[in-house]
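Written out below as structure tokens is the structure these notes cover.
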Amino acid sequence: MTTALLWLRNDLRLTDNPALLSAASHDRLLPVFVLDTDESPALGPGGAARWWLHESLAALDAALRQRGSRLLCVRGGAMATLVDLAARTGATHAYWNRRFEPAGAETDRATAAALRDRGLEVTTERGGLLFEPEEIQRADGGPFKVFTPFWKTCLRTGLGAGTAAPPHRLPPPPDAPAGPAETLGLLPRIRWYQGMAETWNPGEACALASVEAFAAGPVGLYKEHRDTPALAATSRLSPHLHFGEISPRQVLAALSARAEAAGAVAGQESYVRQLGWREFGHHLLHHFPETVDQPLNPRFAAFPWRSGYDDDLARWQQGQTGIPLVDAGMRELWHTGWMHNRVRMVVASFLTKNLLIPWQEGARWFLDTLVDADLANNTLGWQWVAGSGADAAPYFRIFNPVLQGEKFDPDGAYVKRWVPELAALPPRLAHKPWAAPSAEQSRMAASGYPEPMVDLRDSRERALAAYRNITG
DNA sequence: TGAAATGTTGGGGCG
DNA sequence: ACGCCCCAACATTTC
């Protein structure tokens, strides 16, 4: 008689889950999720992600129950919890899929050692990346810092194929206390997540439905429409991927299954390249863990960020900057827990360049408000925009939110959706309400829409001057 | 996965 | 017909 612990973390799915498949060969199986109280709160799930996590765990529990199993959710130190559960259930084996965030990987090493000390056989399986961070290296063995050669190496290595079907039936759980998702206390008392609940359906079943829907149509126009935030042209898979409700291998498989029907080679390539950025983010975080809050480029340690910016930071967070595209993005984020990627770049550029507020503040806000809050992707994105990271945009690449708006939201549909104060403006003026006739301006002022908090030209010049400070 | 300034070219209006 | 100027359109450079 053997009993296995299956430690689930960012792999909340039954399909293509290597650890689950291996663990299912035992007589008894206890799937467990631990909300790790030893983890630094800054690295744990933020508010929006906690809502998602709750829903996803509940969905996973339901799916497990259909197969004769169930999920145990526990709050506590991860290592102590697993050691305790092993003792209480007489577990002989433990399984999990590897994860790659520095703190998590360290916890995993310590936990594996502790369980092995107590006589368990511990097996870790391939995690939710196409390539584990050490699998891709430069010819000299070092890590990549530039995306294109990284991605070429990935493509040359081969993206792999084949995903595992979910088991029909799972071994029954050993005697153990019940622990539904509610015991984790992830949901806030105030129902601020209403907008998220209206926008998203967490859980594996919905992840699978989303990828099928995307593969069946929108991916064909992805290359053309991916930068148009008013359209539903992107996959919206980021939170599903973050929690591992679907693996990137499954995404690739779904795309290639539909490839000929959709006739969408260019769109697919362009989309798969985005999965490549996800791989690259994890590669970088693994090799440069300090970049979570330190600039990868050491020159930026001396950057003259402003101080005493709390009020300005709050206006950015609340979508009250007076710049339509920035405010629309920040309000979309607050309401839905998500923001279109083109707009993420614009709001990030505005915070770091036009407001000279450290990118770490923006990164922290995103981690707290995004349902797809992912340490690797978020760190890469913010350092990229700030110009301090790997393969970064040169610092002087400063987005002009008016031009970006006119280019990617030409009729103003996106900004009007999230900033209703702008509804009456003609498309020509939707991204620069300050140029509207004065009667229209006073109407907007009455609706509460603010004047721009900075002059875009002056603040651009100020940013360039600050940049010259550190480049000498 | 930038924007703005500066340079170049060529068509057309006009004396 | 010709030269001149203007300026849009595009290309290049700079930040």
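We name chains A, B, ... following the order of the structure tokens; residues begin at 1 in each chain, and ligands are numbered from 1 as shown.
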Report the closest atom pair, with its distance in Å rounded to one decimal, for each residue of chain A that has an atom no farther than 9 Å from chain B; count only C-alpha atoms (C1' of nucleotides), sort by chain and then rising residue number, and write it as CSV.
```
residue,atom,partner,partner_atom,distance
A:Arg342,CA,B:DT1,C1',8.2
A:Met345,CA,B:DT1,C1',8.6
A:Ala393,CA,B:DT1,C1',8.5
A:Phe396,CA,B:DG2,C1',8.2
A:Arg397,CA,B:DG2,C1',4.9
A:Ile398,CA,B:DG2,C1',5.9
A:Phe399,CA,B:DG2,C1',5.7
A:Asn400,CA,B:DA3,C1',7.2
A:Leu403,CA,B:DA3,C1',8.9
```
Write out as a PDB file with N, CA and C atoms, in the first residue's frame every residue belonging to chain A that has an atom at most 12 Å from any atom of chain C, counting only C-alpha atoms (C1' of nucleotides).
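For reference, out_7.pdb as written:
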```
ATOM      1  N   PRO A 394      15.639  51.326 -25.243  1.00  0.00           N
ATOM      2  CA  PRO A 394      16.548  52.398 -24.824  1.00  0.00           C
ATOM      3  C   PRO A 394      15.754  53.425 -24.018  1.00  0.00           C
ATOM      4  N   TYR A 395      16.397  54.007 -23.039  1.00  0.00           N
ATOM      5  CA  TYR A 395      15.632  54.873 -22.137  1.00  0.00           C
ATOM      6  C   TYR A 395      14.902  55.975 -22.889  1.00  0.00           C
ATOM      7  N   PHE A 396      15.519  56.459 -23.954  1.00  0.00           N
ATOM      8  CA  PHE A 396      14.904  57.593 -24.655  1.00  0.00           C
ATOM      9  C   PHE A 396      13.690  57.222 -25.480  1.00  0.00           C
ATOM     10  N   ARG A 397      13.362  55.951 -25.524  1.00  0.00           N
ATOM     11  CA  ARG A 397      12.113  55.577 -26.185  1.00  0.00           C
ATOM     12  C   ARG A 397      10.955  55.889 -25.282  1.00  0.00           C
ATOM     13  N   ILE A 398      10.459  57.073 -25.373  1.00  0.00           N
ATOM     14  CA  ILE A 398       9.374  57.512 -24.504  1.00  0.00           C
ATOM     15  C   ILE A 398       8.079  57.517 -25.306  1.00  0.00           C
ATOM     16  N   ARG A 460       8.716  64.974 -20.934  1.00  0.00           N
ATOM     17  CA  ARG A 460       9.603  64.179 -21.790  1.00  0.00           C
ATOM     18  C   ARG A 460      11.021  64.733 -21.736  1.00  0.00           C
ATOM     19  N   GLU A 461      11.120  66.043 -21.858  1.00  0.00           N
ATOM     20  CA  GLU A 461      12.444  66.668 -21.808  1.00  0.00           C
ATOM     21  C   GLU A 461      13.112  66.428 -20.461  1.00  0.00           C
ATOM     22  N   ARG A 462      12.294  66.522 -19.405  1.00  0.00           N
ATOM     23  CA  ARG A 462      12.842  66.301 -18.058  1.00  0.00           C
ATOM     24  C   ARG A 462      13.391  64.874 -17.933  1.00  0.00           C
ATOM     25  N   ALA A 463      12.656  63.906 -18.510  1.00  0.00           N
ATOM     26  CA  ALA A 463      13.101  62.511 -18.437  1.00  0.00           C
ATOM     27  C   ALA A 463      14.407  62.318 -19.202  1.00  0.00           C
ATOM     28  N   LEU A 464      14.483  62.930 -20.363  1.00  0.00           N
ATOM     29  CA  LEU A 464      15.716  62.790 -21.146  1.00  0.00           C
ATOM     30  C   LEU A 464      16.898  63.401 -20.405  1.00  0.00           C
ATOM     31  N   ALA A 465      16.653  64.509 -19.729  1.00  0.00           N
ATOM     32  CA  ALA A 465      17.724  65.143 -18.958  1.00  0.00           C
ATOM     33  C   ALA A 465      18.167  64.230 -17.814  1.00  0.00           C
ATOM     34  N   TYR A 467      17.986  61.057 -17.761  1.00  0.00           N
ATOM     35  CA  TYR A 467      18.711  59.939 -18.359  1.00  0.00           C
ATOM     36  C   TYR A 467      20.153  60.335 -18.682  1.00  0.00           C
ATOM     37  N   ARG A 468      20.322  61.539 -19.185  1.00  0.00           N
ATOM     38  CA  ARG A 468      21.689  61.999 -19.496  1.00  0.00           C
ATOM     39  C   ARG A 468      22.544  62.024 -18.234  1.00  0.00           C
TER      40      ARG A 468
END
```
**Request:** From a DSSP pass on the backbone, collect the residues of segment 112-299 of chain A flagged as strand (DSSP E or B) and hand them back as an NGL selection string.
**Result:** :A and (121-125)
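Nearest residue to Gly185 of chain A among A:Asp38, A:Glu332, A:Asp391, A:Glu55 is A:Glu55, counting only C-alpha atoms.
Residues in contact range of Thr369 of chain A, defined as at most 7 Å between only C-alpha atoms (C1' of nucleotides), with sequence neighbours fewer than 4 positions away removed, read Gly46, Gly47, Ala48, Leu333, Trp334, Gly337 and Trp365 of chain A.
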Those same residues, written as a PDB file, in the first residue's frame with C-alpha atoms?
```
ATOM      1  CA  GLY A  46      -1.854  40.129  -4.576  1.00  0.00           C
ATOM      2  CA  GLY A  47      -5.479  41.104  -4.068  1.00  0.00           C
ATOM      3  CA  ALA A  48      -6.752  40.376  -7.577  1.00  0.00           C
ATOM      4  CA  LEU A 333      -6.924  47.241 -14.702  1.00  0.00           C
ATOM      5  CA  TRP A 334      -8.783  48.234 -11.563  1.00  0.00           C
ATOM      6  CA  GLY A 337      -7.768  42.858 -13.127  1.00  0.00           C
ATOM      7  CA  TRP A 365       0.849  47.997  -8.153  1.00  0.00           C
TER       8      TRP A 365
END
```
